[in-house]
Amino acid sequence: MKFKSAISSESDTAEACESILGDLLADRSDEPDLLFVFASCTHNIGAIRQLVSSRLPDAQIHGGTSCRGSMNEERVELSGGFALSALAVWDPDGAYGSSARACGDNPKLAARQALLSALEQAGRPGEVPDLVWLTAAPGQEELAVEAIKEVVGDRALIVGGSSADNDISGQWCQFTREAQFCEGLAVTAMFITGAVSSVFQCGYASAGRSGRVTKSDKRRLYEIDHRPAGDVYFDWSDRPAPHLTNGDDPKGLLPDSTLIPLGKVSGDLASVPFHLLLHPAAVHADGSLDLFADVQEGDEVFLMQGTKQSIVARAGRLACLARADLQSKGAQCSCALIVFCGGCMLAVEEEMETVRRSIADTLGPIPFLVMFSFGEQGQVLGGQSQHANLMISCTIFGNPAVVG
């Protein structure tokens with residue numbers, strides 16, 4: 001297996017494509033088997049698909065939009081708002097397939113069809129891949145993960161990041177060489193000749209306040225302990241609730257709630273609970289909260305707290321854990337694909353160069369690529385993959401270690 005990353009800040013989409021393709025193929029005469037592409041929503045996604053597909057007619061392509069920009073082992077590209085980046089995978093003895101579908105009114109069916117098509121593209125129908133990579137529009141990730149599990153099993157490794165835009169206005173996109181969607185999903189089935197390790201965590205801890213969900217509807221949290229969820233949340237976080245009357249637009253909370261989200265326990269390690277985070281997006285006049293992940297009546301939810309320092313340090317720590325796990329499998333690190341919550345990135349934007357250096361120092365001289373997402377999927381304690389918010393995943397690919 002061989003890997004190479006490239007990143008461009010060119011505002012012209014055609015020039016940006018030529019730049020990254022030139023860098024990726026500079027010392028190669030063969031096409032990659034798979035190309036991950038992450039683009040700012042300011043780029044022309046249709047043009048990216050056309051240009052990349054024409055240059056790489058045999059490569060599988062998996063793409064999505066990334067909040068504000070992206071990052072690789074060489075640099076962070078955020079300030080210009082026109083980042084285009086890619087990670088190329090050469091693995092002639094492996095098998096890869098990518099497919100995309102519109103979610104429509106049945107996202108579970110869309111995810112199932114996309115996965116089955118991806119398996120066909122890989123030439124491995126009916127088999128369980130080493131890794132399923134998912135890029136979905138925000139809003140339907142839980143159903144997409146559930147559908148994928150129904151096809152390949154509960155223990156399948158499902159990793160990904162929800163597509164994002166720059167201002168939560170819905171300009172995100174998901175694409176493969178065959179199609180692109182604003183409210184869809186892209187799925188890639190990966191049968192890898194080397195080894196893979198993936199770690200999925202947050203940089204937050206419980207603030208010691210919790211309650212039971214007594215009324216909810218998917219991502220709308222109405223009540224905690226029979227009180228309006230917004231009232232409880234603002235009481236817990238020691239902040240005044242905004243004054244809203246009927247007819248008022250919901251009050252956005254994302255910047256203010258990034259360091260004090262909610263969470264729910266999904267497992268524990270040595271009696272230490274592992275939390276999946278729920279990012280409050282807005283509060284309504286009736287006191288209900290919009291979240292970026294589903295909650296169920298009966299769930300116990302906790303006020304979580306993080307710091308900018310804990311977010312900055314987390315990516316390097318995850319890279320260290322993933323590297324150690326990969327090495328325990330007798331493999332040496334060759335490449336990493338990292339999903340970093342876009343909300344967390346915006347909270348520590350001035351420190352992202354420190355984050356980049358931490359990852360690079362931990363992984364050594366290998367390529368890596370980072371996307372900034374509006375929702376994250378990964379494997380939690382207990383071996384099942386789930387969707388959450390304000391998380392970071394680090395997936396490392398490796399070749400067998402050289403002995404002697």
# chains A, B, ... in the order shown; residues from 1 in each chain; ligands from 1
call {"tool": "residues_around", "arguments": {"residues": "Asp286 of chain A", "least_positions_apart": "5", "cutoff": "10 Å", "atoms": "only C-alpha atoms", "output": "ChimeraX atom specification"}}
result
/A:222,228-231,244-246,250
call {"tool": "residues_around", "arguments": {"residues": "Ile61 of chain A", "least_positions_apart": "5", "cutoff": "12 Å", "atoms": "only C-alpha atoms", "output": "tab-separated table (two decimals) with C-alpha atoms, in the first residue's frame"}}
result
chain	number	residue	atom	x	y	z
A	31	GLU	CA	-3.68	5.67	-11.08
A	32	PRO	CA	-4.56	5.37	-7.40
A	33	ASP	CA	-7.17	2.78	-6.51
A	34	LEU	CA	-9.04	5.22	-4.27
A	35	LEU	CA	-9.06	8.98	-3.89
A	36	PHE	CA	-10.56	10.81	-0.91
A	37	VAL	CA	-11.42	14.43	-1.77
A	38	PHE	CA	-12.39	17.10	0.76
A	48	ILE	CA	-14.19	18.75	-9.25
A	49	ARG	CA	-16.00	15.51	-10.07
A	50	GLN	CA	-15.62	16.04	-13.80
A	51	LEU	CA	-11.96	17.05	-13.73
A	52	VAL	CA	-10.83	14.34	-11.30
A	53	SER	CA	-12.86	11.62	-13.05
A	54	SER	CA	-11.45	12.54	-16.46
A	55	ARG	CA	-7.87	12.41	-15.16
A	56	LEU	CA	-8.43	9.24	-13.12
A	86	ALA	CA	-7.06	14.79	-1.40
A	87	LEU	CA	-5.58	11.53	-0.16
A	88	ALA	CA	-4.62	8.92	-2.76
A	89	VAL	CA	-4.45	5.18	-2.00
A	96	TYR	CA	-12.31	-0.56	-3.13
A	97	GLY	CA	-15.74	0.64	-4.16
A	98	SER	CA	-17.56	3.96	-3.73
A	99	SER	CA	-21.18	4.90	-4.30
A	100	ALA	CA	-23.57	7.75	-3.44
A	118	ALA	CA	-19.97	0.04	-3.27
A	121	GLN	CA	-17.86	-1.69	-7.38
A	133	TRP	CA	-16.17	5.10	5.19
A	174	GLN	CA	-21.43	14.51	-0.72
A	175	PHE	CA	-20.10	12.98	-3.92
A	176	THR	CA	-18.46	10.11	-5.76
A	177	ARG	CA	-17.46	9.89	-9.41
A	178	GLU	CA	-21.03	8.85	-10.27
A	179	ALA	CA	-23.10	11.52	-8.50
A	180	GLN	CA	-23.26	14.41	-6.06
A	186	ALA	CA	-21.40	8.65	0.02
A	187	VAL	CA	-20.16	5.22	1.12
A	188	THR	CA	-16.84	3.52	0.39
A	189	ALA	CA	-16.17	-0.16	1.09
call {"tool": "residues_around", "arguments": {"residues": "Cys335 of chain A", "least_positions_apart": "2", "cutoff": "7 Å", "atoms": "only C-alpha atoms", "output": "list of chain:residue names"}}
result
A:Phe3, A:Cys333, A:Leu337, A:Ile366, A:Pro367, A:Phe368, A:Ile396, A:Phe397, A:Gly398
call {"tool": "closest_residue", "arguments": {"among": "A:Ile311, A:Leu276, A:Ala282, A:Ala195", "to": "Ser334 of chain A", "atoms": "only C-alpha atoms"}}
result
A:Ala195
call {"tool": "select_by_dssp", "arguments": {"residues": "segment 104-312 of chain A", "states": "helix (DSSP H, G or I)", "output": "JSON, numbers by chain"}}
result
{"A": [107, 108, 109, 110, 111, 112, 113, 114, 115, 116, 117, 118, 119, 120, 121, 141, 142, 143, 144, 145, 146, 147, 148, 149, 150, 151, 152, 229, 230, 231, 232, 233, 234, 235, 236, 254, 255, 256, 257, 308, 309, 310, 311, 312]}
call {"tool": "closest_residue", "arguments": {"among": "A:Pro138, A:Pro261, A:Gly81, A:Gly342", "to": "Ser8 of chain A", "atoms": "only C-alpha atoms"}}
result
A:Gly81
call {"tool": "residues_around", "arguments": {"residues": "Leu363 of chain A", "least_positions_apart": "5", "cutoff": "12 Å", "atoms": "only C-alpha atoms", "output": "PDB file with all heavy atoms, in the first residue's frame"}}
result
ATOM      1  N   GLU A  73      -0.331  16.811   6.358  1.00  0.00           N
ATOM      2  CA  GLU A  73       0.910  16.776   7.144  1.00  0.00           C
ATOM      3  C   GLU A  73       1.779  18.002   6.923  1.00  0.00           C
ATOM      4  O   GLU A  73       2.664  18.306   7.739  1.00  0.00           O
ATOM      5  CB  GLU A  73       1.698  15.499   6.847  1.00  0.00           C
ATOM      6  CG  GLU A  73       2.379  15.437   5.477  1.00  0.00           C
ATOM      7  CD  GLU A  73       1.475  14.975   4.359  1.00  0.00           C
ATOM      8  OE1 GLU A  73       0.245  14.852   4.585  1.00  0.00           O
ATOM      9  OE2 GLU A  73       1.995  14.720   3.257  1.00  0.00           O
ATOM     10  N   ALA A 315      -6.192  15.462  19.485  1.00  0.00           N
ATOM     11  CA  ALA A 315      -5.857  14.810  18.213  1.00  0.00           C
ATOM     12  C   ALA A 315      -4.525  14.071  18.300  1.00  0.00           C
ATOM     13  O   ALA A 315      -4.396  12.943  17.807  1.00  0.00           O
ATOM     14  CB  ALA A 315      -5.842  15.829  17.080  1.00  0.00           C
ATOM     15  N   GLY A 316      -3.510  14.697  18.912  1.00  0.00           N
ATOM     16  CA  GLY A 316      -2.222  14.032  19.060  1.00  0.00           C
ATOM     17  C   GLY A 316      -2.317  12.792  19.931  1.00  0.00           C
ATOM     18  O   GLY A 316      -1.672  11.771  19.654  1.00  0.00           O
ATOM     19  N   ARG A 317      -3.136  12.858  20.975  1.00  0.00           N
ATOM     20  CA  ARG A 317      -3.304  11.699  21.856  1.00  0.00           C
ATOM     21  C   ARG A 317      -4.002  10.554  21.121  1.00  0.00           C
ATOM     22  O   ARG A 317      -3.632   9.390  21.281  1.00  0.00           O
ATOM     23  CB  ARG A 317      -4.104  12.102  23.090  1.00  0.00           C
ATOM     24  CG  ARG A 317      -3.341  13.030  24.023  1.00  0.00           C
ATOM     25  CD  ARG A 317      -4.207  13.466  25.187  1.00  0.00           C
ATOM     26  NE  ARG A 317      -3.495  14.407  26.045  1.00  0.00           N
ATOM     27  CZ  ARG A 317      -4.054  15.098  27.034  1.00  0.00           C
ATOM     28  NH1 ARG A 317      -5.348  14.930  27.285  1.00  0.00           N
ATOM     29  NH2 ARG A 317      -3.339  15.931  27.763  1.00  0.00           N
ATOM     30  N   LEU A 318      -5.019  10.884  20.334  1.00  0.00           N
ATOM     31  CA  LEU A 318      -5.691   9.842  19.558  1.00  0.00           C
ATOM     32  C   LEU A 318      -4.750   9.211  18.556  1.00  0.00           C
ATOM     33  O   LEU A 318      -4.763   7.989  18.352  1.00  0.00           O
ATOM     34  CB  LEU A 318      -6.918  10.418  18.847  1.00  0.00           C
ATOM     35  CG  LEU A 318      -8.259  10.132  19.521  1.00  0.00           C
ATOM     36  CD1 LEU A 318      -8.336  10.863  20.856  1.00  0.00           C
ATOM     37  CD2 LEU A 318      -9.413  10.550  18.624  1.00  0.00           C
ATOM     38  N   ALA A 319      -3.937  10.033  17.904  1.00  0.00           N
ATOM     39  CA  ALA A 319      -2.964   9.504  16.956  1.00  0.00           C
ATOM     40  C   ALA A 319      -2.007   8.547  17.644  1.00  0.00           C
ATOM     41  O   ALA A 319      -1.632   7.507  17.083  1.00  0.00           O
ATOM     42  CB  ALA A 319      -2.202  10.647  16.294  1.00  0.00           C
ATOM     43  N   CYS A 320      -1.621   8.873  18.862  1.00  0.00           N
ATOM     44  CA  CYS A 320      -0.719   7.995  19.621  1.00  0.00           C
ATOM     45  C   CYS A 320      -1.391   6.667  19.938  1.00  0.00           C
ATOM     46  O   CYS A 320      -0.774   5.597  19.791  1.00  0.00           O
ATOM     47  CB  CYS A 320      -0.292   8.713  20.909  1.00  0.00           C
ATOM     48  SG  CYS A 320       0.927   7.815  21.885  1.00  0.00           S
ATOM     49  N   LEU A 321      -2.664   6.711  20.350  1.00  0.00           N
ATOM     50  CA  LEU A 321      -3.394   5.478  20.652  1.00  0.00           C
ATOM     51  C   LEU A 321      -3.576   4.613  19.411  1.00  0.00           C
ATOM     52  O   LEU A 321      -3.402   3.385  19.452  1.00  0.00           O
ATOM     53  CB  LEU A 321      -4.754   5.812  21.260  1.00  0.00           C
ATOM     54  CG  LEU A 321      -4.756   6.426  22.661  1.00  0.00           C
ATOM     55  CD1 LEU A 321      -6.160   6.905  23.021  1.00  0.00           C
ATOM     56  CD2 LEU A 321      -4.252   5.427  23.687  1.00  0.00           C
ATOM     57  N   ALA A 322      -3.943   5.245  18.291  1.00  0.00           N
ATOM     58  CA  ALA A 322      -4.149   4.489  17.055  1.00  0.00           C
ATOM     59  C   ALA A 322      -2.844   3.886  16.557  1.00  0.00           C
ATOM     60  O   ALA A 322      -2.809   2.751  16.074  1.00  0.00           O
ATOM     61  CB  ALA A 322      -4.761   5.390  15.995  1.00  0.00           C
ATOM     62  N   ARG A 323      -1.758   4.644  16.667  1.00  0.00           N
ATOM     63  CA  ARG A 323      -0.453   4.129  16.246  1.00  0.00           C
ATOM     64  C   ARG A 323      -0.057   2.915  17.081  1.00  0.00           C
ATOM     65  O   ARG A 323       0.421   1.897  16.544  1.00  0.00           O
ATOM     66  CB  ARG A 323       0.595   5.233  16.398  1.00  0.00           C
ATOM     67  CG  ARG A 323       2.013   4.812  15.965  1.00  0.00           C
ATOM     68  CD  ARG A 323       3.047   5.844  16.399  1.00  0.00           C
ATOM     69  NE  ARG A 323       3.109   5.920  17.854  1.00  0.00           N
ATOM     70  CZ  ARG A 323       3.854   6.801  18.519  1.00  0.00           C
ATOM     71  NH1 ARG A 323       4.563   7.696  17.853  1.00  0.00           N
ATOM     72  NH2 ARG A 323       3.871   6.811  19.843  1.00  0.00           N
ATOM     73  N   ALA A 324      -0.246   2.994  18.397  1.00  0.00           N
ATOM     74  CA  ALA A 324       0.111   1.876  19.267  1.00  0.00           C
ATOM     75  C   ALA A 324      -0.708   0.637  18.931  1.00  0.00           C
ATOM     76  O   ALA A 324      -0.189  -0.487  18.908  1.00  0.00           O
ATOM     77  CB  ALA A 324      -0.085   2.272  20.731  1.00  0.00           C
ATOM     78  N   LEU A 326      -2.078  -0.084  16.016  1.00  0.00           N
ATOM     79  CA  LEU A 326      -1.628  -0.608  14.724  1.00  0.00           C
ATOM     80  C   LEU A 326      -0.329  -1.392  14.890  1.00  0.00           C
ATOM     81  O   LEU A 326      -0.164  -2.483  14.321  1.00  0.00           O
ATOM     82  CB  LEU A 326      -1.438   0.537  13.731  1.00  0.00           C
ATOM     83  CG  LEU A 326      -1.177   0.088  12.288  1.00  0.00           C
ATOM     84  CD1 LEU A 326      -2.492  -0.237  11.594  1.00  0.00           C
ATOM     85  CD2 LEU A 326      -0.436   1.157  11.511  1.00  0.00           C
ATOM     86  N   GLN A 327       0.597  -0.863  15.666  1.00  0.00           N
ATOM     87  CA  GLN A 327       1.867  -1.551  15.872  1.00  0.00           C
ATOM     88  C   GLN A 327       1.686  -2.870  16.601  1.00  0.00           C
ATOM     89  O   GLN A 327       2.442  -3.825  16.370  1.00  0.00           O
ATOM     90  CB  GLN A 327       2.827  -0.630  16.629  1.00  0.00           C
ATOM     91  CG  GLN A 327       3.300   0.554  15.804  1.00  0.00           C
ATOM     92  CD  GLN A 327       4.110   1.564  16.594  1.00  0.00           C
ATOM     93  OE1 GLN A 327       4.036   1.599  17.834  1.00  0.00           O
ATOM     94  NE2 GLN A 327       4.882   2.394  15.906  1.00  0.00           N
ATOM     95  N   GLN A 332       3.431  -1.221  10.407  1.00  0.00           N
ATOM     96  CA  GLN A 332       4.045   0.095  10.575  1.00  0.00           C
ATOM     97  C   GLN A 332       3.141   1.152   9.921  1.00  0.00           C
ATOM     98  O   GLN A 332       2.526   0.913   8.885  1.00  0.00           O
ATOM     99  CB  GLN A 332       5.428   0.128   9.939  1.00  0.00           C
ATOM    100  CG  GLN A 332       5.462  -0.230   8.464  1.00  0.00           C
ATOM    101  CD  GLN A 332       6.877  -0.345   7.923  1.00  0.00           C
ATOM    102  OE1 GLN A 332       7.839  -0.275   8.673  1.00  0.00           O
ATOM    103  NE2 GLN A 332       7.001  -0.514   6.606  1.00  0.00           N
ATOM    104  N   CYS A 333       3.072   2.319  10.543  1.00  0.00           N
ATOM    105  CA  CYS A 333       2.170   3.364  10.088  1.00  0.00           C
ATOM    106  C   CYS A 333       2.557   3.851   8.699  1.00  0.00           C
ATOM    107  O   CYS A 333       3.726   4.167   8.442  1.00  0.00           O
ATOM    108  CB  CYS A 333       2.197   4.537  11.061  1.00  0.00           C
ATOM    109  SG  CYS A 333       1.686   4.117  12.726  1.00  0.00           S
ATOM    110  N   SER A 334       1.566   3.932   7.812  1.00  0.00           N
ATOM    111  CA  SER A 334       1.810   4.402   6.455  1.00  0.00           C
ATOM    112  C   SER A 334       0.993   5.644   6.102  1.00  0.00           C
ATOM    113  O   SER A 334       1.388   6.403   5.212  1.00  0.00           O
ATOM    114  CB  SER A 334       1.482   3.293   5.449  1.00  0.00           C
ATOM    115  OG  SER A 334       2.300   2.157   5.667  1.00  0.00           O
ATOM    116  N   CYS A 335      -0.135   5.850   6.778  1.00  0.00           N
ATOM    117  CA  CYS A 335      -1.012   6.958   6.422  1.00  0.00           C
ATOM    118  C   CYS A 335      -2.090   7.088   7.489  1.00  0.00           C
ATOM    119  O   CYS A 335      -2.413   6.117   8.173  1.00  0.00           O
ATOM    120  CB  CYS A 335      -1.653   6.692   5.059  1.00  0.00           C
ATOM    121  SG  CYS A 335      -2.961   7.835   4.622  1.00  0.00           S
ATOM    122  N   ALA A 336      -2.663   8.298   7.630  1.00  0.00           N
ATOM    123  CA  ALA A 336      -3.770   8.493   8.559  1.00  0.00           C
ATOM    124  C   ALA A 336      -4.842   9.367   7.915  1.00  0.00           C
ATOM    125  O   ALA A 336      -4.544  10.302   7.173  1.00  0.00           O
ATOM    126  CB  ALA A 336      -3.295   9.128   9.865  1.00  0.00           C
ATOM    127  N   LEU A 337      -6.075   9.041   8.203  1.00  0.00           N
ATOM    128  CA  LEU A 337      -7.234   9.818   7.772  1.00  0.00           C
ATOM    129  C   LEU A 337      -7.966  10.240   9.047  1.00  0.00           C
ATOM    130  O   LEU A 337      -8.385   9.386   9.837  1.00  0.00           O
ATOM    131  CB  LEU A 337      -8.128   8.969   6.874  1.00  0.00           C
ATOM    132  CG  LEU A 337      -9.190   9.656   6.018  1.00  0.00           C
ATOM    133  CD1 LEU A 337      -8.600  10.790   5.181  1.00  0.00           C
ATOM    134  CD2 LEU A 337      -9.865   8.635   5.109  1.00  0.00           C
ATOM    135  N   ARG A 356      -1.754  20.398  14.103  1.00  0.00           N
ATOM    136  CA  ARG A 356      -1.076  19.746  12.981  1.00  0.00           C
ATOM    137  C   ARG A 356       0.298  19.224  13.395  1.00  0.00           C
ATOM    138  O   ARG A 356       0.660  18.079  13.092  1.00  0.00           O
ATOM    139  CB  ARG A 356      -0.926  20.726  11.811  1.00  0.00           C
ATOM    140  CG  ARG A 356      -0.345  20.069  10.544  1.00  0.00           C
ATOM    141  CD  ARG A 356       0.230  21.085   9.586  1.00  0.00           C
ATOM    142  NE  ARG A 356       1.380  21.775  10.146  1.00  0.00           N
ATOM    143  CZ  ARG A 356       2.612  21.251  10.201  1.00  0.00           C
ATOM    144  NH1 ARG A 356       2.846  20.040   9.720  1.00  0.00           N
ATOM    145  NH2 ARG A 356       3.605  21.932  10.738  1.00  0.00           N
ATOM    146  N   ARG A 357       1.059  20.051  14.097  1.00  0.00           N
ATOM    147  CA  ARG A 357       2.402  19.634  14.516  1.00  0.00           C
ATOM    148  C   ARG A 357       2.336  18.457  15.478  1.00  0.00           C
ATOM    149  O   ARG A 357       3.175  17.550  15.425  1.00  0.00           O
ATOM    150  CB  ARG A 357       3.151  20.804  15.162  1.00  0.00           C
ATOM    151  CG  ARG A 357       3.593  21.884  14.182  1.00  0.00           C
ATOM    152  CD  ARG A 357       4.686  22.758  14.783  1.00  0.00           C
ATOM    153  NE  ARG A 357       4.252  23.345  16.053  1.00  0.00           N
ATOM    154  CZ  ARG A 357       3.677  24.535  16.172  1.00  0.00           C
ATOM    155  NH1 ARG A 357       3.444  25.269  15.086  1.00  0.00           N
ATOM    156  NH2 ARG A 357       3.332  25.001  17.354  1.00  0.00           N
ATOM    157  N   SER A 358       1.334  18.464  16.360  1.00  0.00           N
ATOM    158  CA  SER A 358       1.193  17.367  17.320  1.00  0.00           C
ATOM    159  C   SER A 358       0.940  16.043  16.612  1.00  0.00           C
ATOM    160  O   SER A 358       1.536  15.012  16.951  1.00  0.00           O
ATOM    161  CB  SER A 358       0.053  17.684  18.288  1.00  0.00           C
ATOM    162  OG  SER A 358      -0.199  16.606  19.158  1.00  0.00           O
ATOM    163  N   PHE A 368      -0.958  12.408   5.977  1.00  0.00           N
ATOM    164  CA  PHE A 368      -2.263  12.322   6.618  1.00  0.00           C
ATOM    165  C   PHE A 368      -3.134  13.447   6.081  1.00  0.00           C
ATOM    166  O   PHE A 368      -2.647  14.443   5.539  1.00  0.00           O
ATOM    167  CB  PHE A 368      -2.180  12.349   8.150  1.00  0.00           C
ATOM    168  CG  PHE A 368      -1.668  13.626   8.758  1.00  0.00           C
ATOM    169  CD1 PHE A 368      -2.494  14.742   8.929  1.00  0.00           C
ATOM    170  CD2 PHE A 368      -0.352  13.712   9.215  1.00  0.00           C
ATOM    171  CE1 PHE A 368      -2.027  15.901   9.517  1.00  0.00           C
ATOM    172  CE2 PHE A 368       0.123  14.872   9.803  1.00  0.00           C
ATOM    173  CZ  PHE A 368      -0.715  15.975   9.956  1.00  0.00           C
ATOM    174  N   CYS A 394      -9.250   9.105  14.539  1.00  0.00           N
ATOM    175  CA  CYS A 394      -7.965   8.942  13.842  1.00  0.00           C
ATOM    176  C   CYS A 394      -7.879   7.510  13.349  1.00  0.00           C
ATOM    177  O   CYS A 394      -7.891   6.569  14.137  1.00  0.00           O
ATOM    178  CB  CYS A 394      -6.796   9.242  14.774  1.00  0.00           C
ATOM    179  SG  CYS A 394      -5.172   9.046  13.984  1.00  0.00           S
ATOM    180  N   THR A 395      -7.861   7.346  12.032  1.00  0.00           N
ATOM    181  CA  THR A 395      -7.787   6.030  11.398  1.00  0.00           C
ATOM    182  C   THR A 395      -6.444   5.919  10.705  1.00  0.00           C
ATOM    183  O   THR A 395      -6.124   6.718   9.824  1.00  0.00           O
ATOM    184  CB  THR A 395      -8.933   5.848  10.396  1.00  0.00           C
ATOM    185  OG1 THR A 395     -10.183   6.035  11.080  1.00  0.00           O
ATOM    186  CG2 THR A 395      -8.891   4.468   9.761  1.00  0.00           C
ATOM    187  N   ILE A 396      -5.673   4.924  11.113  1.00  0.00           N
ATOM    188  CA  ILE A 396      -4.321   4.751  10.565  1.00  0.00           C
ATOM    189  C   ILE A 396      -4.269   3.466   9.749  1.00  0.00           C
ATOM    190  O   ILE A 396      -4.760   2.408  10.183  1.00  0.00           O
ATOM    191  CB  ILE A 396      -3.259   4.691  11.681  1.00  0.00           C
ATOM    192  CG1 ILE A 396      -3.281   5.988  12.504  1.00  0.00           C
ATOM    193  CG2 ILE A 396      -1.870   4.474  11.097  1.00  0.00           C
ATOM    194  CD1 ILE A 396      -2.227   6.052  13.586  1.00  0.00           C
ATOM    195  N   PHE A 397      -3.673   3.563   8.577  1.00  0.00           N
ATOM    196  CA  PHE A 397      -3.457   2.413   7.714  1.00  0.00           C
ATOM    197  C   PHE A 397      -1.980   2.044   7.776  1.00  0.00           C
ATOM    198  O   PHE A 397      -1.114   2.922   7.852  1.00  0.00           O
ATOM    199  CB  PHE A 397      -3.848   2.754   6.276  1.00  0.00           C
ATOM    200  CG  PHE A 397      -5.258   3.263   6.150  1.00  0.00           C
ATOM    201  CD1 PHE A 397      -5.524   4.622   6.146  1.00  0.00           C
ATOM    202  CD2 PHE A 397      -6.321   2.368   6.077  1.00  0.00           C
ATOM    203  CE1 PHE A 397      -6.821   5.090   6.039  1.00  0.00           C
ATOM    204  CE2 PHE A 397      -7.615   2.838   5.962  1.00  0.00           C
ATOM    205  CZ  PHE A 397      -7.872   4.194   5.953  1.00  0.00           C
ATOM    206  N   GLY A 398      -1.696   0.735   7.718  1.00  0.00           N
ATOM    207  CA  GLY A 398      -0.310   0.307   7.845  1.00  0.00           C
ATOM    208  C   GLY A 398       0.028  -0.882   6.990  1.00  0.00           C
ATOM    209  O   GLY A 398      -0.821  -1.717   6.669  1.00  0.00           O
TER     210      GLY A 398
END
call {"tool": "atom_distance", "arguments": {"atom1": "atom CA of Met345 of chain A", "atom2": "atom CA of Asp165 of chain A"}}
result
12.9 Å
call {"tool": "atom_distance", "arguments": {"atom1": "atom CA of Glu349 of chain A", "atom2": "atom CA of Leu390 of chain A"}}
result
14.3 Å
call {"tool": "residues_around", "arguments": {"residues": "Leu143 of chain A", "least_positions_apart": "2", "cutoff": "12 Å", "atoms": "only C-alpha atoms", "output": "MDAnalysis selection string"}}
result
chainID A and resid 103 105:112 134 136:141 145:150 185 218 293:294 377 386:387
call {"tool": "write_last_selection", "arguments": {"atoms": "C-alpha atoms", "output": "CSV table (one decimal), in the first residue's frame"}}
result
chain,number,residue,atom,x,y,z
A,103,CYS,CA,-31.3,10.4,1.2
A,105,ASP,CA,-37.5,10.3,2.6
A,106,ASN,CA,-35.8,6.9,3.3
A,107,PRO,CA,-32.1,7.5,4.4
A,108,LYS,CA,-31.8,3.9,5.6
A,109,LEU,CA,-32.7,2.5,2.1
A,110,ALA,CA,-30.3,5.0,0.5
A,111,ALA,CA,-27.4,3.9,2.8
A,112,ARG,CA,-28.2,0.2,2.1
A,134,LEU,CA,-19.3,7.3,5.4
A,136,ALA,CA,-23.5,12.0,5.0
A,137,ALA,CA,-25.5,15.2,5.1
A,138,PRO,CA,-26.1,16.3,8.7
A,139,GLY,CA,-29.4,14.9,10.0
A,140,GLN,CA,-29.6,11.3,9.0
A,141,GLU,CA,-26.3,9.8,10.2
A,145,VAL,CA,-25.0,3.8,10.4
A,146,GLU,CA,-27.9,1.5,11.4
A,147,ALA,CA,-28.5,0.5,7.7
A,148,ILE,CA,-24.8,-0.3,7.1
A,149,LYS,CA,-24.7,-2.5,10.3
A,150,GLU,CA,-27.8,-4.4,9.0
A,185,LEU,CA,-24.5,10.2,1.5
A,218,LYS,CA,-35.0,12.5,17.3
A,293,ALA,CA,-27.5,13.9,17.2
A,294,ASP,CA,-30.5,11.9,18.3
A,377,GLN,CA,-18.9,8.5,13.2
A,386,GLN,CA,-22.0,5.2,16.4
A,387,HIS,CA,-22.7,8.8,15.5
call {"tool": "closest_residue", "arguments": {"among": "A:Leu78, A:Leu262, A:Met1, A:Val151", "to": "Glu351 of chain A", "atoms": "only C-alpha atoms"}}
result
A:Leu78
call {"tool": "residues_around", "arguments": {"residues": "Val339 of chain A", "least_positions_apart": "5", "cutoff": "6 Å", "atoms": "only C-alpha atoms", "output": "list in words"}}
result
Gly161, Val370, Met371, Ile392 and Ser393 of chain A
call {"tool": "residues_around", "arguments": {"residues": "Gly378 of chain A", "least_positions_apart": "3", "cutoff": "6 Å", "atoms": "only C-alpha atoms", "output": "VMD selection string"}}
result
chain A and resid 158 to 159 200 385 to 386
call {"tool": "atom_distance", "arguments": {"atom1": "atom CA of Ala16 of chain A", "atom2": "atom CA of Asp58 of chain A"}}
result
20.8 Å
call {"tool": "select_by_dssp", "arguments": {"residues": "segment 10-217 of chain A", "states": "strand (DSSP E)", "output": "PyMOL selection string"}}
result
chain A and resi 34-39+60-65+70-72+76-77+84-90+95-102+131-136+158-161+174-176+180-181+184-191+195-201+205-217
call {"tool": "closest_residue", "arguments": {"among": "A:Cys182, A:Gly46, A:Gly63, A:Ser85", "to": "Leu21 of chain A", "atoms": "only C-alpha atoms"}}
result
A:Ser85
